[in-house]
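One structure is given below, encoded as structure tokens.
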Amino acid sequence: ALAPGSGPRHLAFHPGGRSAYLACELDNTLVVCAYDPATGALTPGPGQSTGTGSGTSYPAQPVVTGDGAYVYLANRGPNSLTRYAVEDGGAALRLLDTVPVGGDWPRQLALSPDSTLLFAANQRSSTVTVFGVGPDGSLTAVGAPFPAPVAVCVLPLP
């Protein structure tokens with residue numbers, strides 16, 4: 001159970017298998033949940049800030065790097081991406097920063113299989129923005145966003 005009005009939207013699991021990260025689009029939070037694989041139970045912790053300030057950010061989707069070191073969150077309202085460092089084996093997040101996504105209404109994110117590229121599907125601008133992911137989890141835009149009609153979903157190819 002989550003707080004009324006939180007608006008749970010998307011969930012991503014840490015590769016360690018004991019934590020999951022839940023975007024709550026109505027209260028502008030990312031919730032770290034403990035996961036018990038034996039029972040399938042998720043136990044939510046307190047909501048974490050999206051780093052986007054006041055106003056509704058409509059967080060859409062979290063993604064976790066393959067090594068479990070970083071979590072990224074799409075924020076549709078301010079058109080930004082939030083970067084978190086993963087701590088305590090996946091059980092905690094530390095807000096690092098936010099960066100502009102370079103498009104309008106980032107609805108979905110995907111990481112390349114080696115977690116060196118992050119793709120953001122920007123629904124309202126019908127574009128996909130590509131970011132290089134640095135060793136410290138930093139994001140750097142790679143070229144200009146490219147057109148993609150009805151950009152609501154991106155999936156990495158192996």
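Lettering and numbering for the structure tokens are positional, with chains as A, B, ... in the shown order, residues counted from 1 in each chain, and ligands counted from 1 in the shown order.
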
Selection near stretch 147-149 of chain A, 7 Å with only C-alpha atoms, sequence-local residues under 6 positions removed, as a PyMOL selection string:
chain A and resi 126-128

Those same residues - N, CA and C atoms - I'd like them written as a CSV table (one decimal), in the first residue's frame.
chain,number,residue,atom,x,y,z
A,126,SER,N,7.7,14.3,-30.3
A,126,SER,CA,7.9,13.2,-31.3
A,126,SER,C,9.4,13.0,-31.6
A,127,THR,N,10.2,12.9,-30.5
A,127,THR,CA,11.6,12.8,-30.7
A,127,THR,C,12.2,11.7,-29.7
A,128,VAL,N,13.3,11.3,-30.0
A,128,VAL,CA,14.1,10.4,-29.1
A,128,VAL,C,15.4,11.1,-28.9

Spatial neighbours of A:Gly134, 9 Å, only C-alpha atoms, chain gap at least 4 places, as a tab-separated table (two decimals) with all heavy atoms, in the first residue's frame:
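Written out: selection-v6.tsv:
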chain	number	residue	atom	x	y	z
A	116	THR	N	25.75	2.04	-21.60
A	116	THR	CA	26.56	3.20	-22.00
A	116	THR	C	25.75	4.26	-22.72
A	116	THR	O	26.24	5.36	-22.95
A	116	THR	CB	27.75	2.78	-22.89
A	116	THR	OG1	27.24	2.17	-24.07
A	116	THR	CG2	28.68	1.83	-22.15
A	117	LEU	N	24.52	3.93	-23.10
A	117	LEU	CA	23.62	4.87	-23.75
A	117	LEU	C	22.26	4.83	-23.07
A	117	LEU	O	21.79	3.76	-22.68
A	117	LEU	CB	23.44	4.54	-25.24
A	117	LEU	CG	24.66	4.66	-26.14
A	117	LEU	CD1	24.35	4.12	-27.52
A	117	LEU	CD2	25.14	6.11	-26.22
A	138	SER	N	27.09	10.10	-15.19
A	138	SER	CA	26.69	11.38	-15.77
A	138	SER	C	26.10	11.17	-17.16
A	138	SER	O	26.42	10.19	-17.85
A	138	SER	CB	27.88	12.34	-15.85
A	138	SER	OG	28.90	11.78	-16.64
A	139	LEU	N	25.23	12.09	-17.56
A	139	LEU	CA	24.57	12.01	-18.86
A	139	LEU	C	25.04	13.16	-19.75
A	139	LEU	O	25.03	14.31	-19.34
A	139	LEU	CB	23.06	12.09	-18.69
A	139	LEU	CG	22.41	10.97	-17.90
A	139	LEU	CD1	20.92	11.26	-17.67
A	139	LEU	CD2	22.60	9.63	-18.60
A	140	THR	N	25.43	12.82	-20.99
A	140	THR	CA	25.85	13.80	-21.97
A	140	THR	C	25.08	13.54	-23.26
A	140	THR	O	25.12	12.42	-23.78
A	140	THR	CB	27.37	13.70	-22.24
A	140	THR	OG1	28.06	13.83	-21.01
A	140	THR	CG2	27.82	14.77	-23.21

I need the residue nearest A:Leu11 from this list: A:Pro44, A:Gly53, A:Pro156, A:Pro37. Use only C-alpha atoms for the distance.
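Ranked by minimum distance to A:Leu11, first place goes to A:Pro44.
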
Taking 2 positions as the minimum chain separation for residues in the same chain, which residues sit within 10 Å of A:Asn79 when counting only C-alpha atoms? Answer as a PyMOL selection string.
chain A and resi 52+57-59+74-77+81+98-107+122

Selection to disk with all heavy atoms, as a compact mmCIF listing (two decimals), in the first residue's frame:
# COMPACT_ATOMS: atom_id res chain seq x y z
N THR A 52 13.23 18.09 -8.82
CA THR A 52 12.68 19.01 -9.81
C THR A 52 12.04 20.25 -9.20
O THR A 52 11.47 21.05 -9.93
CB THR A 52 11.65 18.29 -10.70
OG1 THR A 52 10.62 17.75 -9.86
CG2 THR A 52 12.30 17.18 -11.50
N SER A 57 5.95 17.20 -11.36
CA SER A 57 6.94 16.76 -12.35
C SER A 57 6.48 15.55 -13.14
O SER A 57 7.09 15.19 -14.13
CB SER A 57 8.29 16.47 -11.68
OG SER A 57 8.19 15.38 -10.80
N TYR A 58 5.41 14.91 -12.71
CA TYR A 58 4.88 13.73 -13.40
C TYR A 58 5.97 12.71 -13.74
O TYR A 58 6.19 12.40 -14.91
CB TYR A 58 4.12 14.11 -14.67
CG TYR A 58 2.95 15.02 -14.43
CD1 TYR A 58 3.02 16.37 -14.76
CD2 TYR A 58 1.77 14.53 -13.88
CE1 TYR A 58 1.94 17.22 -14.53
CE2 TYR A 58 0.69 15.37 -13.65
CZ TYR A 58 0.78 16.71 -13.99
OH TYR A 58 -0.28 17.55 -13.76
N PRO A 59 6.68 12.19 -12.72
CA PRO A 59 7.71 11.19 -13.03
C PRO A 59 7.09 10.01 -13.78
O PRO A 59 5.99 9.56 -13.44
CB PRO A 59 8.25 10.78 -11.67
CG PRO A 59 7.41 11.41 -10.64
CD PRO A 59 6.52 12.40 -11.30
N ALA A 74 12.61 9.64 -15.60
CA ALA A 74 12.07 10.62 -16.54
C ALA A 74 11.04 11.47 -15.80
O ALA A 74 10.17 10.95 -15.10
CB ALA A 74 11.40 9.91 -17.72
N ASN A 75 11.13 12.79 -15.97
CA ASN A 75 10.18 13.74 -15.39
C ASN A 75 9.51 14.50 -16.52
O ASN A 75 10.14 15.33 -17.18
CB ASN A 75 10.91 14.74 -14.48
CG ASN A 75 11.60 14.04 -13.33
OD1 ASN A 75 10.95 13.45 -12.49
ND2 ASN A 75 12.91 14.09 -13.31
N ARG A 76 8.22 14.20 -16.74
CA ARG A 76 7.52 14.77 -17.88
C ARG A 76 7.24 16.26 -17.73
O ARG A 76 7.37 17.00 -18.70
CB ARG A 76 6.23 13.99 -18.13
CG ARG A 76 6.52 12.58 -18.61
CD ARG A 76 5.29 11.73 -18.67
NE ARG A 76 4.83 11.46 -17.30
CZ ARG A 76 3.67 10.94 -16.99
NH1 ARG A 76 2.80 10.64 -17.92
NH2 ARG A 76 3.35 10.71 -15.73
N GLY A 77 6.84 16.73 -16.55
CA GLY A 77 6.51 18.16 -16.38
C GLY A 77 7.66 19.08 -16.73
O GLY A 77 7.55 19.91 -17.62
N LEU A 81 15.65 14.61 -16.68
CA LEU A 81 16.02 13.29 -16.19
C LEU A 81 16.71 13.49 -14.84
O LEU A 81 17.57 14.36 -14.71
CB LEU A 81 16.98 12.59 -17.15
CG LEU A 81 16.48 12.40 -18.58
CD1 LEU A 81 17.60 11.85 -19.45
CD2 LEU A 81 15.28 11.49 -18.60
N THR A 98 19.76 16.67 -11.89
CA THR A 98 18.80 16.54 -12.98
C THR A 98 19.40 17.22 -14.21
O THR A 98 20.20 18.14 -14.08
CB THR A 98 17.43 17.19 -12.66
OG1 THR A 98 17.61 18.58 -12.46
CG2 THR A 98 16.79 16.55 -11.45
N VAL A 99 19.03 16.71 -15.38
CA VAL A 99 19.49 17.31 -16.63
C VAL A 99 18.30 17.48 -17.57
O VAL A 99 17.37 16.67 -17.54
CB VAL A 99 20.59 16.46 -17.32
CG1 VAL A 99 21.82 16.33 -16.45
CG2 VAL A 99 20.07 15.09 -17.70
N PRO A 100 18.31 18.52 -18.40
CA PRO A 100 17.24 18.68 -19.39
C PRO A 100 17.27 17.51 -20.37
O PRO A 100 18.33 17.05 -20.77
CB PRO A 100 17.59 19.99 -20.10
CG PRO A 100 18.59 20.67 -19.24
CD PRO A 100 19.28 19.61 -18.45
N VAL A 101 16.09 17.06 -20.78
CA VAL A 101 16.02 15.90 -21.67
C VAL A 101 16.16 16.30 -23.14
O VAL A 101 16.47 15.47 -23.98
CB VAL A 101 14.73 15.09 -21.42
CG1 VAL A 101 13.52 15.81 -21.98
CG2 VAL A 101 14.83 13.70 -21.98
N GLY A 102 15.94 17.57 -23.46
CA GLY A 102 16.08 18.00 -24.85
C GLY A 102 14.90 17.65 -25.71
O GLY A 102 15.00 17.62 -26.93
N GLY A 103 13.76 17.40 -25.09
CA GLY A 103 12.52 17.11 -25.80
C GLY A 103 11.36 17.44 -24.89
O GLY A 103 11.55 17.93 -23.78
N ASP A 104 10.15 17.13 -25.34
CA ASP A 104 8.95 17.47 -24.58
C ASP A 104 8.22 16.20 -24.16
O ASP A 104 7.84 15.38 -24.99
CB ASP A 104 8.04 18.35 -25.44
CG ASP A 104 6.87 18.94 -24.67
OD1 ASP A 104 6.83 18.82 -23.43
OD2 ASP A 104 5.99 19.52 -25.33
N TRP A 105 8.05 16.06 -22.84
CA TRP A 105 7.25 15.00 -22.20
C TRP A 105 7.93 13.63 -22.33
O TRP A 105 7.44 12.71 -22.98
CB TRP A 105 5.85 14.98 -22.79
CG TRP A 105 4.78 14.52 -21.86
CD1 TRP A 105 4.12 13.32 -21.92
CD2 TRP A 105 4.22 15.21 -20.74
NE1 TRP A 105 3.19 13.23 -20.91
CE2 TRP A 105 3.23 14.39 -20.17
CE3 TRP A 105 4.47 16.44 -20.15
CZ2 TRP A 105 2.49 14.76 -19.06
CZ3 TRP A 105 3.74 16.81 -19.05
CH2 TRP A 105 2.76 15.98 -18.52
N PRO A 106 9.10 13.46 -21.68
CA PRO A 106 9.80 12.17 -21.73
C PRO A 106 8.99 11.07 -21.04
O PRO A 106 8.88 11.02 -19.82
CB PRO A 106 11.11 12.45 -20.98
CG PRO A 106 10.79 13.58 -20.06
CD PRO A 106 9.77 14.41 -20.78
N ARG A 107 8.41 10.22 -21.83
CA ARG A 107 7.46 9.22 -21.33
C ARG A 107 8.13 7.92 -20.95
O ARG A 107 7.71 7.23 -20.02
CB ARG A 107 6.39 8.98 -22.39
CG ARG A 107 5.26 8.12 -21.91
CD ARG A 107 4.18 8.05 -22.98
NE ARG A 107 3.07 7.28 -22.52
CZ ARG A 107 2.00 7.79 -21.92
NH1 ARG A 107 1.92 9.08 -21.72
NH2 ARG A 107 1.03 7.02 -21.53
N ASN A 122 10.37 11.10 -26.18
CA ASN A 122 9.71 12.36 -25.85
C ASN A 122 8.39 12.45 -26.62
O ASN A 122 8.38 12.78 -27.81
CB ASN A 122 10.62 13.54 -26.20
CG ASN A 122 11.95 13.43 -25.49
OD1 ASN A 122 12.00 13.34 -24.28
ND2 ASN A 122 13.03 13.41 -26.26

What separation in Å, quoted to one decimal, exists between atom CA of A:Val64 and atom CA of A:Val86?
9.1 Å

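Those residues that approach stretch 18-29 of chain A to within 6 Å, counting only C-alpha atoms, are Ser6, Gly7, Pro8, Arg9, His10, Leu11, Ala12, Tyr35, Gly47, Gln48, Ser49, Thr50, Ser57, Tyr58, Pro59, Gly90 and Ala91 of chain A; same-chain residues fewer than 6 positions away are not listed.
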
If we count only C-alpha atoms and set the cut-off at 10 Å, which residues sit around A:Asp136, ignoring sequence neighbours fewer than 5 positions away in its own chain? Please answer as a tab-separated table (two decimals) with C-alpha atoms, in the first residue's frame.
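Result went into part30.tsv, see below:
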chain	number	residue	atom	x	y	z
A	69	ALA	CA	25.07	1.68	-9.60
A	70	TYR	CA	22.67	4.33	-10.94
A	85	ALA	CA	23.42	6.94	-7.00

Within stretch 32-155 of chain A, find each residue whose DSSP state, derived from the backbone, is strand (DSSP E or B), and express the selection as a PyMOL selection string.
chain A and resi 32-36+41-49+59-64+70-75+80-87+92-100+106-111+117-122+127-133+139-141+146-147

Between A:Leu155, A:Val71, A:Ala3, A:Cys33, single out the one closest to A:Val133, counting only C-alpha atoms.
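Closest to A:Val133, using only C-alpha atoms: A:Val71.
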
Fewer than 3 positions away in the same chain doesn't count, so skip those; otherwise give me all residues within 9 Å of A:Gly143, counting only C-alpha atoms, as a list in words.
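In the requested format, the answer is Thr129, Val130, Phe131 and Phe146 of chain A.
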
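The residue that comes closest to A:Ala38, out of A:Pro78, A:Ala110, A:Gly17, A:Gly89 and on the basis of only C-alpha atoms, is A:Gly17.
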
Please, what distance in Å, to one decimal, runs between atom CA of A:Val150 and atom CA of A:Tyr72?
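That distance, rounded to one decimal, is 22.1 Å.
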
Residue among A:Ala92, A:Gly137, A:Gly66, A:Ser125 lying closest to A:Ser112, counting only C-alpha atoms
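Using only C-alpha atoms, the shortest distance to A:Ser112 belongs to A:Gly66.
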